[in-house]
There are 2 protein chains.
Amino acid sequence: MEDVAARAGVSRALVSLVMRGSPKVSDQRREAVLAAAEELGYRPHAAARSLAQRRSNTVGVVVNDLHNTFFADVADGVHEHASAHGFRLLLNAVWRRDEDEEEAIESLLEHRADAIVLLGPRVDEAVLVEAAASVPIAVVGRHLDLEDIDVVINDDVCGAELAVEHLVGLGHRDIVHVDGGRGAGARFRREGFERRMVGHGLEPRVLAADYDEASGVNAVAQLIEHDALPTAIFCANDLSAVGALDRLEGHGLTLPDDISLVGYDNTSIAGLRHVSLTTIHQPRREMGARAMQMVLERIQGSRSEAARDVIEPELIERSTSGPVPTKRVPS
Amino acid sequence: MEDVAARAGVSRALVSLVMRGSPKVSDQRREAVLAAAEELGYRPHAAARSLAQRRSNTVGVVVNDLHNTFFADVADGVHEHASAHGFRLLLNAVWRRDEDEEEAIESLLEHRADAIVLLGPRVDEAVLVEAAASVPIAVVGRHLDLEDIDVVINDDVCGAELAVEHLVGLGHRDIVHVDGGRGAGARFRREGFERRMVGHGLEPRVLAADYDEASGVNAVAQLIEHDALPTAIFCANDLSAVGALDRLEGHGLTLPDDISLVGYDNTSIAGLRHVSLTTIHQPRREMGARAMQMVLERIQGSRSEAARDVIEPELIERSTSGPVPTKRVPS
DNA sequence: TCATTGCGTTGGAGCGCTCCAATCACTACG
DNA sequence: CGTAGTGATTGGAGCGCTCCAACGCAATGA
């Protein structure tokens with residue numbers, strides 16, 4: 001910087017102003033500085049800048065599972081909104097262990113990120129609360145009710161209700177829910193399912209399972225074994241729905257003629273023609289953008305109470321759901 | 001830091017040593033410092049550290065497409081190897097435009113990343129060369145031959161040959177390759193296909209396509225239309241294979257009885273039971289780890305010539321490939 | 001006894017930048 | 001003509017840390 005200043009015949013402070021694009025620099029000097037910087041291959045030093053500026057213009061993002069395209073999409077939204085406001089992202093992907101997540105948060109704090117956005121964190125609430133003491137924090141995809149922590153969630157209850165409504169509208173009355181165990185939001189999806197079924201005077205059958213493919217396979221296998229196949233199945237997520245789909249077809253059933261199937265999340269898999277799963281969509285990018293917006297407000301100090309954004313999901317009708325069969329295929 | 005030093009009754013320099021885990025500190029002092037730090041909630045300032053230290057202990061990673069689980073896996077490998085060696089990752093996901101990629105690289109340079117690993121970059125070679133002048137650079141998944149740039153690639157030619165060998169071994173002689181257009185490595189996959197087919201004295205039929213689902217659908221549709229279905233299809237990637245699969249089944253064919261299908265990449269989709277695609281696997285995590293290892297060697301100065309690592313792919317046999325049908329189903 | 005070694009410790013300079021108050025050049029006004 | 005006002009420019013302090021040369025102190029050997 002010193003060199004650039006010398007070469008351009010100005011002071012270091014002026015170079016600093018130019019590099020930050022300040023308006024109060026004469027065009028003449030600005031050009032001289034830019035030219036000198038170019039010739040010398042000068043590149044501002046981000047660490048020095050954030051040290052002097054006492055802010056990093058950086059938002060930390062902790063992604064619980066990079067392989068989950070759901071979070072990749074959300075991260076996408078965060079990124080977009082962040083860069084639109086001049087913030088850079090410090091992405092911290094994490095796998096497996098909770099302690100990795102704690103470590104990731106700690107590291108972001110050491111980097112003095114101006115805010116932290118967590119996608120589907122599993123870490124202990126206490127850790128979040130402690131971190132929130134020193135920096136604005138927003139969480140996506142985990143139902144949390146903590147002071148000082150902003151939250152963006154999907155209305156899982158509503159999503160499940162949409163699924164039930166859709167199926168009931170098609171004439172189904174015997175519907176089984178393959179639940180998501182301890183998975184994020186699974187509890188609420190089950191709740192929504194049960195509530196809506198009862199609301200229609202129907203019996204809510206629920207099968208314990210998990211958020212993976214094998215769960216779907218097992219659940220259906222179990223139904224077949226007990227000769228208890230319903231006319232429609234609502235799986236807690238797309239992955240288990242794909243498992244269910246496989247097992248159903250393996251049993252010789254055709255969808256949606258013999259049985260209907262609805263998933264949750266609208267992952268890219270659901271959209272494959274070969275799968276073409278009716279499912280519940282969450283506006284992922286938008287959720288990311290909202291989370292970013294929340295911490296932005298905190299950074300700018302325009303809000304100090306915790307915010308909680310509940311996003312409305314949407315049903316995407318594809319080809320695994322249809323009218324209830326008039327004559328049941330023997331199972 | 002000042003405060004911690006005062007509270008522990010030592011100098012700032014000593015606190016610095018403790019925070020960096022230096023061995024040359026008496027246990028007594030160390031404990032006093034750690035206690036003081038704990039009580040005061042002291043957290044070292046990463047930016048200040050890297051400024052003073054003149055190295056960031058950070059490796060920048062530019063992921064071309066976060067949604068591509070392929071790269072997510074590679075990033076995983078990079079991460080693992082990096083943290084095993086005390087490096088942190090600065091992940092920079094990029095979407096769509098080339099200029100985003102340039103910007104990401106520039107930003108990493110400003111952050112003085114100690115090295116940069118690029119996953120499937122599309123950016124102009126000149127940009128890479130220029131960046132390589134100031135920091136070690138490794139590239140994964142792009143066939144590049146530049147001085148000062150390390151490269152990890154999958155042996156696409158070999159992968160394609162594996163596919164051909166597999167199919168020929170099953171008795172197939174009429175095989176069509178649905179190619180990957182301008183996609184990464186597609187040229188080599190086609191090359192491997194052609195070479196091996198010719199080697200077996202067979203005619204290599206190739207259909208121009210791309211790395212997406214629609215391409216696979218279209219390619220097969222075209223074959224059906226011209227009544228030119230082969231006994232086996234080798235798609236340039238899994239996504240187009242899934243498209244092909246859909247269209248084939250839509251045409252009433254059963255796999256692998258009527259026709260065989262092989263993909264490339266072994267993405268998670270290929271592993272779904274409902275898909276169960278025979279495909280070519282690349283050791284993604286390992287590729288990431290290797291790339292990290294390469295820049296590590298550069299950082300440590302133990303190597304100065306460009307390295308080029310060609311990884312051997314592997315065939316994963318699932319249920320879309322089988323013996324050539326004895327009697328062809330009318331198409 | 002004194003020089004020697006070596007470990008643990010310390011003060012101070014400096015990393016590259018931004019911020020602030022002060023200064024400067026210049027115009028506008030009474 | 002002096003003075004206030006305006007906008008561009010500058011020097012210097014300081015951000016929080018690490019590095020280095022130097023120091024204190026006990027143990028060692030002559």
# chains A, B, ... in the order shown; residues from 1 in each chain; ligands from 1
>>> closest_atom_pairs(of="chain C", to="chain B", cutoff="9 Å", atoms="only C-alpha atoms (C1' of nucleotides)", output="CSV")
residue,atom,partner,partner_atom,distance
C:DC7,C1',B:Lys24,CA,7.8
C:DG8,C1',B:Val25,CA,6.5
C:DT9,C1',B:Leu14,CA,7.2
C:DT10,C1',B:Ser11,CA,6.4
C:DG11,C1',B:Ser11,CA,8.8
C:DG14,C1',B:Ala52,CA,8.1
C:DC15,C1',B:Ala52,CA,4.6
C:DG16,C1',B:Leu51,CA,7.5
>>> write_last_selection(atoms="C-alpha atoms (C1' of nucleotides)", output="CSV table (one decimal), in the first residue's frame")
chain,number,residue,atom,x,y,z
C,7,DC,C1',14.8,-22.7,29.8
C,8,DG,C1',11.1,-19.6,30.6
C,9,DT,C1',9.9,-15.1,30.0
C,10,DT,C1',9.4,-10.3,28.4
C,11,DG,C1',9.3,-5.7,25.9
C,14,DG,C1',5.7,-4.4,13.2
C,15,DC,C1',2.0,-7.0,10.2
C,16,DG,C1',-1.4,-3.8,6.5
>>> select_by_dssp(residues="stretch 191-274 of chain A", states="strand (DSSP E or B)", output="list in words")
Arg205, Val206, Leu207, Ala232, Ile233, Phe234, Cys235, Ser260, Leu261, Val262 and Asp265 of chain A
>>> write_last_selection(atoms="N, CA and C atoms", output="tab-separated table (two decimals), in the first residue's frame")
chain	number	residue	atom	x	y	z
A	205	ARG	N	-53.25	-43.68	10.96
A	205	ARG	CA	-52.30	-44.77	11.21
A	205	ARG	C	-50.88	-44.24	10.99
A	206	VAL	N	-50.04	-44.47	11.96
A	206	VAL	CA	-48.66	-43.98	11.86
A	206	VAL	C	-47.67	-45.13	12.05
A	207	LEU	N	-46.66	-45.16	11.18
A	207	LEU	CA	-45.62	-46.18	11.28
A	207	LEU	C	-44.30	-45.52	11.64
A	232	ALA	N	-53.42	-45.05	0.48
A	232	ALA	CA	-52.43	-43.98	0.27
A	232	ALA	C	-51.43	-43.95	1.42
A	233	ILE	N	-50.19	-43.55	1.07
A	233	ILE	CA	-49.13	-43.44	2.08
A	233	ILE	C	-48.53	-42.05	2.02
A	234	PHE	N	-48.33	-41.47	3.19
A	234	PHE	CA	-47.69	-40.16	3.26
A	234	PHE	C	-46.38	-40.34	4.04
A	235	CYS	N	-45.27	-40.21	3.34
A	235	CYS	CA	-43.97	-40.39	3.98
A	235	CYS	C	-43.43	-39.06	4.49
A	260	SER	N	-51.58	-44.55	-3.71
A	260	SER	CA	-50.99	-43.22	-3.86
A	260	SER	C	-49.89	-43.01	-2.84
A	261	LEU	N	-48.95	-42.13	-3.21
A	261	LEU	CA	-47.80	-41.90	-2.34
A	261	LEU	C	-47.43	-40.42	-2.36
A	262	VAL	N	-47.21	-39.85	-1.18
A	262	VAL	CA	-46.80	-38.45	-1.10
A	262	VAL	C	-45.56	-38.35	-0.22
A	265	ASP	N	-40.48	-32.53	1.02
A	265	ASP	CA	-39.24	-31.79	0.79
A	265	ASP	C	-39.01	-31.37	-0.64
>>> residues_around(residues="stretch 218-228 of chain A", least_positions_apart="4", cutoff="8 Å", atoms="only C-alpha atoms (C1' of nucleotides)", output="CSV table (one decimal) with C-alpha atoms, in the first residue's frame")
chain,number,residue,atom,x,y,z
A,178,VAL,CA,-44.5,-43.2,7.6
A,207,LEU,CA,-45.6,-46.2,11.3
A,208,ALA,CA,-42.4,-45.4,13.1
A,209,ALA,CA,-39.5,-44.9,10.7
A,214,ALA,CA,-34.4,-48.1,4.1
A,244,ALA,CA,-41.6,-47.0,-0.2
A,247,ARG,CA,-41.1,-51.7,-2.3
A,248,LEU,CA,-44.6,-51.0,-3.6
A,331,SER,CA,-52.4,-57.3,-1.5
>>> interface_residues(of="chain B", to="chain A", cutoff="6 Å", atoms="only C-alpha atoms", output="mmCIF file with C-alpha atoms, in the first residue's frame")
data_model
loop_
_atom_site.group_PDB
_atom_site.id
_atom_site.type_symbol
_atom_site.label_atom_id
_atom_site.label_comp_id
_atom_site.auth_asym_id
_atom_site.auth_seq_id
_atom_site.Cartn_x
_atom_site.Cartn_y
_atom_site.Cartn_z
ATOM 1 C CA HIS B 45 -8.722 -12.818 16.956
ATOM 2 C CA ALA B 46 -8.097 -14.831 13.810
ATOM 3 C CA ALA B 47 -7.565 -11.819 11.566
ATOM 4 C CA HIS B 67 -25.796 -28.835 -5.561
ATOM 5 C CA THR B 69 -23.147 -33.941 -4.630
ATOM 6 C CA ALA B 72 -19.746 -31.966 -2.085
ATOM 7 C CA LEU B 91 -15.378 -22.513 1.222
ATOM 8 C CA GLU B 110 -7.398 -11.104 -0.614
ATOM 9 C CA HIS B 111 -7.914 -13.330 2.362
ATOM 10 C CA ASP B 246 -37.252 -43.603 -17.604
ATOM 11 C CA HIS B 274 -35.671 -47.724 -7.263
#
>>> interface_residues(of="chain D", to="chain B", cutoff="10 Å", atoms="only C-alpha atoms (C1' of nucleotides)", output="list of chain:residue names")
D:DC15, D:DG16, D:DC17, D:DT18, D:DC19
>>> write_last_selection(atoms="N, CA and C atoms (P, O5', C5', C4', C3', O3' and C1' of nucleotides)", output="compact mmCIF listing (two decimals), in the first residue's frame")
# COMPACT_ATOMS: atom_id res chain seq x y z
P DC D 15 -6.32 0.13 20.08
O5' DC D 15 -7.01 -1.05 19.26
C5' DC D 15 -8.13 -0.81 18.43
C4' DC D 15 -8.13 -1.86 17.33
C3' DC D 15 -7.61 -3.21 17.81
O3' DC D 15 -8.74 -4.00 18.19
C1' DC D 15 -6.73 -2.59 15.65
P DG D 16 -8.76 -4.63 19.68
O5' DG D 16 -7.93 -5.97 19.52
C5' DG D 16 -8.35 -6.93 18.58
C4' DG D 16 -7.21 -7.89 18.32
C3' DG D 16 -6.62 -8.53 19.57
O3' DG D 16 -6.56 -9.92 19.35
C1' DG D 16 -4.91 -7.60 18.25
P DC D 17 -6.06 -10.95 20.44
O5' DC D 17 -4.65 -11.37 19.86
C5' DC D 17 -4.60 -12.22 18.73
C4' DC D 17 -3.38 -11.94 17.90
C3' DC D 17 -2.09 -12.60 18.38
O3' DC D 17 -2.01 -13.91 17.82
C1' DC D 17 -1.74 -10.39 17.50
P DT D 18 -0.92 -14.92 18.35
O5' DT D 18 0.36 -14.46 17.53
C5' DT D 18 0.36 -14.58 16.11
C4' DT D 18 1.71 -14.13 15.56
C3' DT D 18 2.90 -14.96 16.03
O3' DT D 18 3.77 -15.08 14.92
C1' DT D 18 3.25 -12.71 16.62
P DC D 19 4.80 -16.27 14.84
O5' DC D 19 6.18 -15.46 14.80
C5' DC D 19 6.35 -14.43 13.85
C4' DC D 19 7.48 -13.51 14.29
C3' DC D 19 8.70 -14.28 14.80
O3' DC D 19 9.81 -13.93 14.00
C1' DC D 19 8.06 -12.52 16.31
>>> atom_distance(atom1="atom C1' of C:DT23", atom2="atom CA of A:Ala32")
22.1 Å
>>> select_by_dssp(residues="stretch 48-278 of chain B", states="helix (DSSP H, G or I)", output="PyMOL selection string")
chain B and resi 48-53+69-84+98-110+125-132+156-169+186-199+213-225+238-250+268-271
>>> residues_around(residues="A:Val117", least_positions_apart="6", cutoff="9 Å", atoms="only C-alpha atoms (C1' of nucleotides)", output="compact mmCIF listing (two decimals) with C-alpha atoms, in the first residue's frame")
# COMPACT_ATOMS: atom_id res chain seq x y z
CA VAL A 59 -21.33 -13.90 7.62
CA GLY A 60 -20.53 -17.37 8.83
CA VAL A 61 -22.67 -20.23 7.63
CA VAL A 62 -22.60 -23.63 9.23
CA VAL A 63 -24.09 -26.29 7.01
CA VAL A 78 -28.18 -17.02 2.03
CA PRO A 136 -26.35 -12.28 15.86
CA ILE A 137 -27.49 -15.81 15.10
CA ALA A 138 -30.14 -17.20 12.81
CA VAL A 139 -31.15 -20.82 12.56
CA VAL A 140 -32.86 -22.47 9.63
CA GLY A 288 -32.00 -18.86 3.24
CA ALA A 291 -32.39 -15.96 7.52
CA MET A 292 -29.79 -13.68 6.01
CA VAL A 295 -29.12 -11.27 10.80
>>> closest_residue(among="A:Arg303, A:Ile280, A:Ala236, A:Arg142", to="A:Glu317", atoms="only C-alpha atoms")
A:Ile280
>>> residues_around(residues="C:DC26", least_positions_apart="6", cutoff="12 Å", atoms="only C-alpha atoms (C1' of nucleotides)", output="list in words")
DG5, DT6, DG7 and DA8 of chain D
>>> atom_distance(atom1="atom CA of A:Ala84", atom2="atom CA of B:Ile105")
18.3 Å
>>> residues_around(residues="A:Asp148", least_positions_apart="6", cutoff="10 Å", atoms="only C-alpha atoms (C1' of nucleotides)", output="number ranges by chain")
A: 128-129, 132-133, 135-138, 298, 304-307
>>> atom_distance(atom1="atom CA of A:Glu191", atom2="atom CA of A:Thr254")
28.8 Å
>>> decode(residues="stretch 130-280 of chain A", atoms="C-alpha atoms", output="PDB file, in the first residue's frame")
ATOM      1  CA  GLU A 130     -23.696 -18.641  24.381  1.00  0.00           C
ATOM      2  CA  ALA A 131     -22.679 -17.799  20.838  1.00  0.00           C
ATOM      3  CA  ALA A 132     -25.661 -15.498  20.507  1.00  0.00           C
ATOM      4  CA  ALA A 133     -24.189 -13.413  23.281  1.00  0.00           C
ATOM      5  CA  SER A 134     -21.427 -12.220  21.033  1.00  0.00           C
ATOM      6  CA  VAL A 135     -22.945 -12.230  17.574  1.00  0.00           C
ATOM      7  CA  PRO A 136     -26.345 -12.283  15.856  1.00  0.00           C
ATOM      8  CA  ILE A 137     -27.486 -15.807  15.100  1.00  0.00           C
ATOM      9  CA  ALA A 138     -30.137 -17.197  12.806  1.00  0.00           C
ATOM     10  CA  VAL A 139     -31.151 -20.820  12.559  1.00  0.00           C
ATOM     11  CA  VAL A 140     -32.863 -22.472   9.630  1.00  0.00           C
ATOM     12  CA  GLY A 141     -34.803 -25.679   9.905  1.00  0.00           C
ATOM     13  CA  ARG A 142     -34.866 -26.298  13.607  1.00  0.00           C
ATOM     14  CA  HIS A 143     -37.802 -25.531  15.806  1.00  0.00           C
ATOM     15  CA  LEU A 144     -36.249 -23.413  18.484  1.00  0.00           C
ATOM     16  CA  ASP A 145     -37.615 -20.882  20.910  1.00  0.00           C
ATOM     17  CA  LEU A 146     -34.717 -19.022  22.412  1.00  0.00           C
ATOM     18  CA  GLU A 147     -34.228 -15.463  23.313  1.00  0.00           C
ATOM     19  CA  ASP A 148     -31.879 -13.643  20.933  1.00  0.00           C
ATOM     20  CA  ILE A 149     -31.932 -16.319  18.273  1.00  0.00           C
ATOM     21  CA  ASP A 150     -33.782 -15.812  15.031  1.00  0.00           C
ATOM     22  CA  VAL A 151     -35.441 -18.771  13.407  1.00  0.00           C
ATOM     23  CA  VAL A 152     -36.710 -19.681   9.972  1.00  0.00           C
ATOM     24  CA  ILE A 153     -38.736 -22.806   9.778  1.00  0.00           C
ATOM     25  CA  ASN A 154     -41.121 -24.462   7.473  1.00  0.00           C
ATOM     26  CA  ASP A 155     -44.599 -24.983   8.780  1.00  0.00           C
ATOM     27  CA  ASP A 156     -44.378 -28.741   8.982  1.00  0.00           C
ATOM     28  CA  VAL A 157     -47.807 -29.095  10.502  1.00  0.00           C
ATOM     29  CA  CYS A 158     -49.316 -27.219   7.616  1.00  0.00           C
ATOM     30  CA  GLY A 159     -47.310 -29.216   5.086  1.00  0.00           C
ATOM     31  CA  ALA A 160     -48.578 -32.462   6.488  1.00  0.00           C
ATOM     32  CA  GLU A 161     -52.094 -31.100   6.434  1.00  0.00           C
ATOM     33  CA  LEU A 162     -51.696 -30.205   2.789  1.00  0.00           C
ATOM     34  CA  ALA A 163     -50.719 -33.784   2.074  1.00  0.00           C
ATOM     35  CA  VAL A 164     -53.728 -35.164   3.925  1.00  0.00           C
ATOM     36  CA  GLU A 165     -56.026 -32.672   2.314  1.00  0.00           C
ATOM     37  CA  HIS A 166     -54.751 -33.613  -1.108  1.00  0.00           C
ATOM     38  CA  LEU A 167     -55.240 -37.318  -0.532  1.00  0.00           C
ATOM     39  CA  VAL A 168     -58.614 -36.968   1.114  1.00  0.00           C
ATOM     40  CA  GLY A 169     -59.655 -34.737  -1.754  1.00  0.00           C
ATOM     41  CA  LEU A 170     -58.819 -37.621  -4.075  1.00  0.00           C
ATOM     42  CA  GLY A 171     -61.158 -39.837  -2.096  1.00  0.00           C
ATOM     43  CA  HIS A 172     -58.654 -41.616   0.131  1.00  0.00           C
ATOM     44  CA  ARG A 173     -59.810 -42.484   3.606  1.00  0.00           C
ATOM     45  CA  ASP A 174     -57.286 -45.116   4.586  1.00  0.00           C
ATOM     46  CA  ILE A 175     -53.970 -43.288   4.817  1.00  0.00           C
ATOM     47  CA  VAL A 176     -50.769 -44.337   6.558  1.00  0.00           C
ATOM     48  CA  HIS A 177     -48.078 -41.952   7.671  1.00  0.00           C
ATOM     49  CA  VAL A 178     -44.509 -43.232   7.638  1.00  0.00           C
ATOM     50  CA  ASP A 179     -42.947 -40.914  10.148  1.00  0.00           C
ATOM     51  CA  GLY A 180     -39.477 -39.396  10.400  1.00  0.00           C
ATOM     52  CA  GLY A 181     -38.415 -40.408  13.870  1.00  0.00           C
ATOM     53  CA  ARG A 182     -36.120 -37.849  15.449  1.00  0.00           C
ATOM     54  CA  GLY A 183     -35.491 -36.070  12.167  1.00  0.00           C
ATOM     55  CA  ALA A 184     -35.925 -32.313  11.919  1.00  0.00           C
ATOM     56  CA  GLY A 185     -39.570 -31.369  11.893  1.00  0.00           C
ATOM     57  CA  ALA A 186     -40.734 -34.963  11.835  1.00  0.00           C
ATOM     58  CA  ARG A 187     -42.676 -34.531  15.033  1.00  0.00           C
ATOM     59  CA  PHE A 188     -44.679 -31.710  13.532  1.00  0.00           C
ATOM     60  CA  ARG A 189     -45.352 -33.524  10.330  1.00  0.00           C
ATOM     61  CA  ARG A 190     -46.804 -36.394  12.273  1.00  0.00           C
ATOM     62  CA  GLU A 191     -48.793 -33.977  14.352  1.00  0.00           C
ATOM     63  CA  GLY A 192     -50.231 -32.270  11.282  1.00  0.00           C
ATOM     64  CA  PHE A 193     -51.099 -35.620   9.790  1.00  0.00           C
ATOM     65  CA  GLU A 194     -52.881 -36.813  12.860  1.00  0.00           C
ATOM     66  CA  ARG A 195     -54.745 -33.602  13.439  1.00  0.00           C
ATOM     67  CA  ARG A 196     -56.053 -33.377   9.920  1.00  0.00           C
ATOM     68  CA  MET A 197     -57.021 -37.024   9.741  1.00  0.00           C
ATOM     69  CA  VAL A 198     -58.953 -36.744  12.959  1.00  0.00           C
ATOM     70  CA  GLY A 199     -60.480 -33.551  11.652  1.00  0.00           C
ATOM     71  CA  HIS A 200     -61.865 -35.595   8.784  1.00  0.00           C
ATOM     72  CA  GLY A 201     -63.072 -38.265  11.135  1.00  0.00           C
ATOM     73  CA  LEU A 202     -60.475 -40.713   9.839  1.00  0.00           C
ATOM     74  CA  GLU A 203     -58.151 -42.974  11.725  1.00  0.00           C
ATOM     75  CA  PRO A 204     -54.554 -41.757  11.605  1.00  0.00           C
ATOM     76  CA  ARG A 205     -52.301 -44.768  11.207  1.00  0.00           C
ATOM     77  CA  VAL A 206     -48.657 -43.980  11.859  1.00  0.00           C
ATOM     78  CA  LEU A 207     -45.623 -46.180  11.275  1.00  0.00           C
ATOM     79  CA  ALA A 208     -42.422 -45.379  13.123  1.00  0.00           C
ATOM     80  CA  ALA A 209     -39.513 -44.897  10.744  1.00  0.00           C
ATOM     81  CA  ASP A 210     -36.739 -42.506   9.861  1.00  0.00           C
ATOM     82  CA  TYR A 211     -35.577 -40.060   7.216  1.00  0.00           C
ATOM     83  CA  ASP A 212     -33.900 -42.593   4.992  1.00  0.00           C
ATOM     84  CA  GLU A 213     -34.628 -44.901   2.123  1.00  0.00           C
ATOM     85  CA  ALA A 214     -34.446 -48.121   4.097  1.00  0.00           C
ATOM     86  CA  SER A 215     -37.132 -46.857   6.453  1.00  0.00           C
ATOM     87  CA  GLY A 216     -39.526 -46.478   3.593  1.00  0.00           C
ATOM     88  CA  VAL A 217     -38.776 -49.961   2.344  1.00  0.00           C
ATOM     89  CA  ASN A 218     -39.241 -51.476   5.757  1.00  0.00           C
ATOM     90  CA  ALA A 219     -42.420 -49.643   6.488  1.00  0.00           C
ATOM     91  CA  VAL A 220     -44.079 -50.857   3.334  1.00  0.00           C
ATOM     92  CA  ALA A 221     -42.730 -54.347   3.815  1.00  0.00           C
ATOM     93  CA  GLN A 222     -44.349 -54.344   7.202  1.00  0.00           C
ATOM     94  CA  LEU A 223     -47.676 -53.207   5.804  1.00  0.00           C
ATOM     95  CA  ILE A 224     -47.564 -55.905   3.166  1.00  0.00           C
ATOM     96  CA  GLU A 225     -46.678 -58.540   5.678  1.00  0.00           C
ATOM     97  CA  HIS A 226     -49.647 -57.651   7.839  1.00  0.00           C
ATOM     98  CA  ASP A 227     -51.819 -57.384   4.794  1.00  0.00           C
ATOM     99  CA  ALA A 228     -52.638 -53.883   5.923  1.00  0.00           C
ATOM    100  CA  LEU A 229     -51.870 -51.738   2.885  1.00  0.00           C
ATOM    101  CA  PRO A 230     -53.851 -48.503   2.857  1.00  0.00           C
ATOM    102  CA  THR A 231     -54.953 -46.735  -0.311  1.00  0.00           C
ATOM    103  CA  ALA A 232     -52.430 -43.984   0.271  1.00  0.00           C
ATOM    104  CA  ILE A 233     -49.133 -43.441   2.077  1.00  0.00           C
ATOM    105  CA  PHE A 234     -47.685 -40.161   3.264  1.00  0.00           C
ATOM    106  CA  CYS A 235     -43.972 -40.387   3.977  1.00  0.00           C
ATOM    107  CA  ALA A 236     -42.174 -37.928   6.230  1.00  0.00           C
ATOM    108  CA  ASN A 237     -39.600 -37.211   3.575  1.00  0.00           C
ATOM    109  CA  ASP A 238     -38.773 -37.900  -0.041  1.00  0.00           C
ATOM    110  CA  LEU A 239     -36.041 -40.365   0.673  1.00  0.00           C
ATOM    111  CA  SER A 240     -38.235 -42.679   2.642  1.00  0.00           C
ATOM    112  CA  ALA A 241     -40.923 -42.170   0.014  1.00  0.00           C
ATOM    113  CA  VAL A 242     -38.552 -43.411  -2.666  1.00  0.00           C
ATOM    114  CA  GLY A 243     -37.875 -46.464  -0.540  1.00  0.00           C
ATOM    115  CA  ALA A 244     -41.597 -47.009  -0.165  1.00  0.00           C
ATOM    116  CA  LEU A 245     -42.069 -46.521  -3.877  1.00  0.00           C
ATOM    117  CA  ASP A 246     -39.542 -49.194  -4.644  1.00  0.00           C
ATOM    118  CA  ARG A 247     -41.105 -51.698  -2.319  1.00  0.00           C
ATOM    119  CA  LEU A 248     -44.606 -50.983  -3.584  1.00  0.00           C
ATOM    120  CA  GLU A 249     -43.586 -51.500  -7.182  1.00  0.00           C
ATOM    121  CA  GLY A 250     -41.654 -54.564  -6.168  1.00  0.00           C
ATOM    122  CA  HIS A 251     -44.942 -55.867  -4.827  1.00  0.00           C
ATOM    123  CA  GLY A 252     -46.463 -55.444  -8.246  1.00  0.00           C
ATOM    124  CA  LEU A 253     -48.462 -52.334  -7.525  1.00  0.00           C
ATOM    125  CA  THR A 254     -48.813 -49.475  -9.976  1.00  0.00           C
ATOM    126  CA  LEU A 255     -48.865 -45.878  -8.845  1.00  0.00           C
ATOM    127  CA  PRO A 256     -51.133 -44.055  -8.660  1.00  0.00           C
ATOM    128  CA  ASP A 257     -53.676 -46.591  -9.909  1.00  0.00           C
ATOM    129  CA  ASP A 258     -53.301 -49.093  -7.107  1.00  0.00           C
ATOM    130  CA  ILE A 259     -51.995 -46.851  -4.379  1.00  0.00           C
ATOM    131  CA  SER A 260     -50.990 -43.218  -3.862  1.00  0.00           C
ATOM    132  CA  LEU A 261     -47.800 -41.896  -2.337  1.00  0.00           C
ATOM    133  CA  VAL A 262     -46.798 -38.452  -1.102  1.00  0.00           C
ATOM    134  CA  GLY A 263     -43.365 -37.367   0.113  1.00  0.00           C
ATOM    135  CA  TYR A 264     -41.990 -34.258   1.766  1.00  0.00           C
ATOM    136  CA  ASP A 265     -39.236 -31.788   0.795  1.00  0.00           C
ATOM    137  CA  ASN A 266     -39.419 -31.815  -2.979  1.00  0.00           C
ATOM    138  CA  THR A 267     -35.801 -32.817  -3.339  1.00  0.00           C
ATOM    139  CA  SER A 268     -34.330 -33.143  -6.793  1.00  0.00           C
ATOM    140  CA  ILE A 269     -34.928 -36.877  -6.600  1.00  0.00           C
ATOM    141  CA  ALA A 270     -38.651 -36.304  -6.348  1.00  0.00           C
ATOM    142  CA  GLY A 271     -38.493 -34.361  -9.589  1.00  0.00           C
ATOM    143  CA  LEU A 272     -36.834 -37.102 -11.619  1.00  0.00           C
ATOM    144  CA  ARG A 273     -39.249 -38.446 -14.200  1.00  0.00           C
ATOM    145  CA  HIS A 274     -38.406 -41.942 -13.167  1.00  0.00           C
ATOM    146  CA  VAL A 275     -39.650 -41.062  -9.698  1.00  0.00           C
ATOM    147  CA  SER A 276     -42.068 -38.196 -10.263  1.00  0.00           C
ATOM    148  CA  LEU A 277     -43.152 -38.047  -6.661  1.00  0.00           C
ATOM    149  CA  THR A 278     -46.004 -35.933  -5.384  1.00  0.00           C
ATOM    150  CA  THR A 279     -44.488 -34.054  -2.482  1.00  0.00           C
ATOM    151  CA  ILE A 280     -44.468 -30.982  -0.264  1.00  0.00           C
TER     152      ILE A 280
END
